[in-house]
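Visitor: What follows is a single structure, and I will ask about it in a moment.
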Amino acid sequence: MRNTPINMAESIFELFTDPKLSGLAKWRIDPGKEHGLKVHQRWALAQVEWTVKPKQGPAVRMTRDFQVDCADYDHLMISLVAPEGALLRMKADTDKGMLTYESEPFGMLKRECYVPLEGASLVRSITLELWPQREGQGVGWFNWIGLQHSGLVERYDRQWKRFDDQWEDYLQPESFEPAF
């Protein structure tokens, strides 16, 4: 699977934000009828919802096989929104073994989560789980999954820090006369 670069340091390989490019149909989603689980593609996201907290286990567990070249990157990243208090657990099967990640509780805000790739050069599969911590219904969504080279992100960010609050070379006094 090819990555789509979004800047010099990051790329995306699962784009839930575009119904025509989303791979949601390729994910294996564990049954969740007993807690009212629904997972569906929306206009700009893959939405997950449930009507009650499951008696045990995650509210949603979904897995997809990939063959993603990640040799030029050092982090797997995902953008999502999860219900208040919910946890994201992500597992990535790589050529270097299984990588696992557990988020801090979500606050119903969009967040990016980062998983160190620990030298892996191939992502074989990803499993995403949302674990509600509160009773009742929940709704969240996945935006995209991608890769990041953290050293290049720092370089990329520095290019925008060349401006300061003085604007010495950009604003000239009104009495400025051009030299031509």
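By order in the structure tokens, chains are A, B, ...; within a chain, residues start at 1; ligands start at 1, following the order shown.
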Stretch 64-131 of chain A near stretch 27-39 of chain A within 12 Å: what's each residue's closest atom pair and its distance in Å to one decimal, counting only C-alpha atoms, ordered by chain then ascending residue number, as a tab-separated table?
Guide:
```
residue	atom	partner	partner_atom	distance
A:Arg64	CA	A:Trp27	CA	4.6
A:Asp65	CA	A:Trp27	CA	7.9
A:Phe66	CA	A:Trp27	CA	10.2
A:Ser125	CA	A:Trp27	CA	10.1
A:Ile126	CA	A:Trp27	CA	9.4
A:Thr127	CA	A:Trp27	CA	9.1
A:Leu128	CA	A:Ile29	CA	9.6
A:Glu129	CA	A:Asp30	CA	10.0
A:Leu130	CA	A:Leu37	CA	11.4
```
Visitor: If you run DSSP over the backbone, which residues in chain A end up alpha helix (DSSP H)? Put them as number ranges by chain.
Guide: A: 150-158
Visitor: Just write the chosen residues, N, CA, C and O atoms, as a CSV table (one decimal), in the first residue's frame.
Guide:
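Contents of selection.csv, as written:
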```
chain,number,residue,atom,x,y,z
A,150,SER,N,9.4,12.1,13.0
A,150,SER,CA,9.4,13.2,14.0
A,150,SER,C,10.6,14.2,13.8
A,150,SER,O,10.4,15.4,14.0
A,151,GLY,N,11.7,13.8,13.4
A,151,GLY,CA,12.8,14.7,13.1
A,151,GLY,C,12.5,15.7,12.0
A,151,GLY,O,12.8,16.9,12.1
A,152,LEU,N,11.9,15.2,11.0
A,152,LEU,CA,11.5,16.1,9.9
A,152,LEU,C,10.3,17.0,10.2
A,152,LEU,O,10.2,18.1,9.7
A,153,VAL,N,9.5,16.6,11.2
A,153,VAL,CA,8.4,17.5,11.6
A,153,VAL,C,9.0,18.7,12.3
A,153,VAL,O,8.6,19.8,12.1
A,154,GLU,N,10.1,18.5,13.1
A,154,GLU,CA,10.7,19.6,13.8
A,154,GLU,C,11.3,20.6,12.7
A,154,GLU,O,11.2,21.8,12.8
A,155,ARG,N,11.9,20.0,11.7
A,155,ARG,CA,12.5,20.8,10.6
A,155,ARG,C,11.4,21.6,9.8
A,155,ARG,O,11.5,22.8,9.5
A,156,TYR,N,10.3,20.9,9.5
A,156,TYR,CA,9.2,21.4,8.8
A,156,TYR,C,8.6,22.6,9.7
A,156,TYR,O,8.3,23.7,9.1
A,157,ASP,N,8.4,22.4,11.0
A,157,ASP,CA,7.9,23.4,11.8
A,157,ASP,C,8.8,24.7,11.9
A,157,ASP,O,8.3,25.8,12.0
A,158,ARG,N,10.1,24.4,11.9
A,158,ARG,CA,11.0,25.6,12.0
A,158,ARG,C,10.9,26.6,10.9
A,158,ARG,O,11.1,27.7,11.0
```
Visitor: Please measure the separation of atom CA of A:Ala59 and atom CA of A:Leu15, giving the value in Å to one decimal.
Guide: 22.0 Å
Visitor: Counting only C-alpha atoms, which of A:Trp160, A:Arg111, A:Leu147, A:Glu104 gets nearest to A:Pro5?
Guide: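 The shortest atom-to-atom distance to A:Pro5 comes from A:Leu147.
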Visitor: When you draw a straight line from atom CA of A:Phe13 to atom CA of A:Val123, how long is it in Å?
Guide: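 Computing it gives 10.9 Å between the two atoms.
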Visitor: For stretch 69-83 of chain A, list every protein, DNA or RNA residue within 7 Å, evaluated using only C-alpha atoms, and leave out those in the same chain fewer than 6 positions away; present the list as a PDB file with N, CA and C atoms, in the first residue's frame.
Guide:
```pdb
ATOM      1  N   PHE A 106     -10.249  10.293  26.529  1.00  0.00           N
ATOM      2  CA  PHE A 106     -10.617  11.355  25.602  1.00  0.00           C
ATOM      3  C   PHE A 106     -11.568  12.343  26.252  1.00  0.00           C
ATOM      4  N   GLY A 107     -11.596  13.543  25.719  1.00  0.00           N
ATOM      5  CA  GLY A 107     -12.482  14.599  26.195  1.00  0.00           C
ATOM      6  C   GLY A 107     -13.445  15.061  25.119  1.00  0.00           C
ATOM      7  N   MET A 108     -13.840  14.176  24.193  1.00  0.00           N
ATOM      8  CA  MET A 108     -14.751  14.480  23.079  1.00  0.00           C
ATOM      9  C   MET A 108     -14.191  15.589  22.191  1.00  0.00           C
ATOM     10  N   LEU A 109     -12.871  15.600  22.070  1.00  0.00           N
ATOM     11  CA  LEU A 109     -12.196  16.523  21.175  1.00  0.00           C
ATOM     12  C   LEU A 109     -11.368  15.731  20.183  1.00  0.00           C
ATOM     13  N   LYS A 110     -11.176  16.280  19.004  1.00  0.00           N
ATOM     14  CA  LYS A 110     -10.331  15.637  18.008  1.00  0.00           C
ATOM     15  C   LYS A 110      -8.906  15.582  18.540  1.00  0.00           C
ATOM     16  N   ARG A 111      -8.278  14.426  18.333  1.00  0.00           N
ATOM     17  CA  ARG A 111      -6.925  14.232  18.843  1.00  0.00           C
ATOM     18  C   ARG A 111      -6.129  13.376  17.879  1.00  0.00           C
ATOM     19  N   GLU A 112      -4.836  13.637  17.833  1.00  0.00           N
ATOM     20  CA  GLU A 112      -3.914  12.770  17.114  1.00  0.00           C
ATOM     21  C   GLU A 112      -3.141  11.959  18.147  1.00  0.00           C
ATOM     22  N   CYS A 113      -3.016  10.676  17.917  1.00  0.00           N
ATOM     23  CA  CYS A 113      -2.267   9.783  18.802  1.00  0.00           C
ATOM     24  C   CYS A 113      -1.093   9.209  18.018  1.00  0.00           C
ATOM     25  N   TYR A 114       0.052   9.039  18.692  1.00  0.00           N
ATOM     26  CA  TYR A 114       1.293   8.624  18.046  1.00  0.00           C
ATOM     27  C   TYR A 114       1.840   7.361  18.693  1.00  0.00           C
ATOM     28  N   VAL A 115       2.240   6.398  17.863  1.00  0.00           N
ATOM     29  CA  VAL A 115       2.796   5.137  18.330  1.00  0.00           C
ATOM     30  C   VAL A 115       4.207   5.007  17.756  1.00  0.00           C
ATOM     31  N   PRO A 116       5.250   4.944  18.602  1.00  0.00           N
ATOM     32  CA  PRO A 116       6.605   4.750  18.069  1.00  0.00           C
ATOM     33  C   PRO A 116       6.699   3.438  17.292  1.00  0.00           C
ATOM     34  N   LEU A 117       7.313   3.487  16.119  1.00  0.00           N
ATOM     35  CA  LEU A 117       7.434   2.305  15.262  1.00  0.00           C
ATOM     36  C   LEU A 117       8.602   1.398  15.646  1.00  0.00           C
ATOM     37  N   GLU A 118       9.486   1.859  16.503  1.00  0.00           N
ATOM     38  CA  GLU A 118      10.577   1.048  17.057  1.00  0.00           C
ATOM     39  C   GLU A 118      11.384   0.320  15.981  1.00  0.00           C
ATOM     40  N   GLY A 119      11.675   1.032  14.887  1.00  0.00           N
ATOM     41  CA  GLY A 119      12.508   0.460  13.837  1.00  0.00           C
ATOM     42  C   GLY A 119      11.785  -0.390  12.811  1.00  0.00           C
ATOM     43  N   ALA A 120      10.488  -0.505  12.908  1.00  0.00           N
ATOM     44  CA  ALA A 120       9.725  -1.301  11.936  1.00  0.00           C
ATOM     45  C   ALA A 120       9.781  -0.646  10.561  1.00  0.00           C
ATOM     46  N   SER A 121       9.752  -1.476   9.534  1.00  0.00           N
ATOM     47  CA  SER A 121       9.723  -0.958   8.170  1.00  0.00           C
ATOM     48  C   SER A 121       8.469  -1.398   7.408  1.00  0.00           C
ATOM     49  N   LEU A 122       7.617  -2.205   8.061  1.00  0.00           N
ATOM     50  CA  LEU A 122       6.388  -2.670   7.423  1.00  0.00           C
ATOM     51  C   LEU A 122       5.278  -2.816   8.470  1.00  0.00           C
ATOM     52  N   VAL A 123       4.138  -2.224   8.196  1.00  0.00           N
ATOM     53  CA  VAL A 123       2.944  -2.422   9.031  1.00  0.00           C
ATOM     54  C   VAL A 123       2.075  -3.437   8.316  1.00  0.00           C
ATOM     55  N   GLY A 138     -22.542   6.064  23.199  1.00  0.00           N
ATOM     56  CA  GLY A 138     -21.326   6.765  22.830  1.00  0.00           C
ATOM     57  C   GLY A 138     -21.240   6.917  21.328  1.00  0.00           C
ATOM     58  N   VAL A 139     -20.542   7.945  20.904  1.00  0.00           N
ATOM     59  CA  VAL A 139     -20.310   8.176  19.487  1.00  0.00           C
ATOM     60  C   VAL A 139     -18.921   8.793  19.312  1.00  0.00           C
ATOM     61  N   GLY A 140     -18.249   8.388  18.266  1.00  0.00           N
ATOM     62  CA  GLY A 140     -16.933   8.929  17.936  1.00  0.00           C
ATOM     63  C   GLY A 140     -16.671   8.690  16.464  1.00  0.00           C
ATOM     64  N   TRP A 141     -15.493   9.071  16.014  1.00  0.00           N
ATOM     65  CA  TRP A 141     -15.170   8.843  14.608  1.00  0.00           C
ATOM     66  C   TRP A 141     -13.674   8.832  14.378  1.00  0.00           C
ATOM     67  N   PHE A 142     -13.304   8.148  13.302  1.00  0.00           N
ATOM     68  CA  PHE A 142     -11.925   8.074  12.848  1.00  0.00           C
ATOM     69  C   PHE A 142     -11.776   8.978  11.631  1.00  0.00           C
ATOM     70  N   ASN A 143     -10.702   9.772  11.613  1.00  0.00           N
ATOM     71  CA  ASN A 143     -10.439  10.681  10.498  1.00  0.00           C
ATOM     72  C   ASN A 143      -9.443  10.089   9.498  1.00  0.00           C
ATOM     73  N   TRP A 144      -8.298   9.646  10.001  1.00  0.00           N
ATOM     74  CA  TRP A 144      -7.261   9.083   9.131  1.00  0.00           C
ATOM     75  C   TRP A 144      -6.205   8.357   9.959  1.00  0.00           C
ATOM     76  N   ILE A 145      -5.408   7.542   9.270  1.00  0.00           N
ATOM     77  CA  ILE A 145      -4.252   6.879   9.870  1.00  0.00           C
ATOM     78  C   ILE A 145      -3.064   7.169   8.963  1.00  0.00           C
ATOM     79  N   GLY A 146      -1.936   7.495   9.567  1.00  0.00           N
ATOM     80  CA  GLY A 146      -0.765   7.836   8.769  1.00  0.00           C
ATOM     81  C   GLY A 146       0.538   7.544   9.469  1.00  0.00           C
ATOM     82  N   LEU A 147       1.587   8.123   8.925  1.00  0.00           N
ATOM     83  CA  LEU A 147       2.955   7.923   9.411  1.00  0.00           C
ATOM     84  C   LEU A 147       3.631   9.271   9.575  1.00  0.00           C
ATOM     85  N   GLN A 148       4.607   9.311  10.488  1.00  0.00           N
ATOM     86  CA  GLN A 148       5.322  10.559  10.750  1.00  0.00           C
ATOM     87  C   GLN A 148       6.798  10.288  10.986  1.00  0.00           C
ATOM     88  N   HIS A 149       7.632  11.176  10.486  1.00  0.00           N
ATOM     89  CA  HIS A 149       9.066  11.204  10.793  1.00  0.00           C
ATOM     90  C   HIS A 149       9.259  12.395  11.721  1.00  0.00           C
ATOM     91  N   SER A 150       9.420  12.146  13.022  1.00  0.00           N
ATOM     92  CA  SER A 150       9.418  13.231  14.007  1.00  0.00           C
ATOM     93  C   SER A 150      10.554  14.225  13.809  1.00  0.00           C
TER      94      SER A 150
END
```
Visitor: As a VMD selection string, please: all residues of stretch 41-96 of chain A that backbone DSSP puts in strand (DSSP E).
Guide: chain A and resid 41 46 to 50 60 to 69 75 to 81 87 to 94
Visitor: Keeping only C-alpha atoms, write the selected residues as a PDB file, in the first residue's frame.
Guide:
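The result, stored in result_30.pdb:
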```pdb
ATOM      1  CA  GLN A  41     -18.931   5.914   6.516  1.00  0.00           C
ATOM      2  CA  ALA A  46     -15.913   6.856   9.702  1.00  0.00           C
ATOM      3  CA  GLN A  47     -18.421   7.054  12.547  1.00  0.00           C
ATOM      4  CA  VAL A  48     -18.766   4.534  15.382  1.00  0.00           C
ATOM      5  CA  GLU A  49     -21.645   4.544  17.835  1.00  0.00           C
ATOM      6  CA  TRP A  50     -23.210   2.292  20.461  1.00  0.00           C
ATOM      7  CA  VAL A  60     -15.772  -1.365  18.935  1.00  0.00           C
ATOM      8  CA  ARG A  61     -12.912  -3.530  17.727  1.00  0.00           C
ATOM      9  CA  MET A  62     -11.919  -3.358  14.086  1.00  0.00           C
ATOM     10  CA  THR A  63      -8.921  -4.814  12.243  1.00  0.00           C
ATOM     11  CA  ARG A  64      -7.495  -4.356   8.789  1.00  0.00           C
ATOM     12  CA  ASP A  65      -4.601  -6.066   7.031  1.00  0.00           C
ATOM     13  CA  PHE A  66      -2.102  -3.782   5.344  1.00  0.00           C
ATOM     14  CA  GLN A  67       1.289  -3.944   3.703  1.00  0.00           C
ATOM     15  CA  VAL A  68       2.377  -0.385   4.494  1.00  0.00           C
ATOM     16  CA  ASP A  69       5.995   0.606   3.943  1.00  0.00           C
ATOM     17  CA  HIS A  75       5.698   6.955  14.298  1.00  0.00           C
ATOM     18  CA  LEU A  76       2.311   5.560  13.351  1.00  0.00           C
ATOM     19  CA  MET A  77      -0.378   8.190  13.914  1.00  0.00           C
ATOM     20  CA  ILE A  78      -4.153   8.320  13.975  1.00  0.00           C
ATOM     21  CA  SER A  79      -6.647  11.176  14.103  1.00  0.00           C
ATOM     22  CA  LEU A  80      -9.964  10.541  15.839  1.00  0.00           C
ATOM     23  CA  VAL A  81     -12.652  11.749  18.195  1.00  0.00           C
ATOM     24  CA  LEU A  87      -9.749   5.006  25.716  1.00  0.00           C
ATOM     25  CA  LEU A  88      -8.242   4.121  22.359  1.00  0.00           C
ATOM     26  CA  ARG A  89      -6.240   0.914  22.251  1.00  0.00           C
ATOM     27  CA  MET A  90      -4.330   0.358  19.049  1.00  0.00           C
ATOM     28  CA  LYS A  91      -2.276  -2.661  18.029  1.00  0.00           C
ATOM     29  CA  ALA A  92      -0.018  -2.680  14.986  1.00  0.00           C
ATOM     30  CA  ASP A  93       1.500  -5.914  13.719  1.00  0.00           C
ATOM     31  CA  THR A  94       4.845  -5.013  12.126  1.00  0.00           C
TER      32      THR A  94
END
```
Visitor: Go ahead and compute the interatomic distance for atom CA of A:Leu24 and atom CA of A:His40, in Å to one decimal.
Guide: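 Between atom CA of A:Leu24 and atom CA of A:His40 the gap works out to 7.9 Å.
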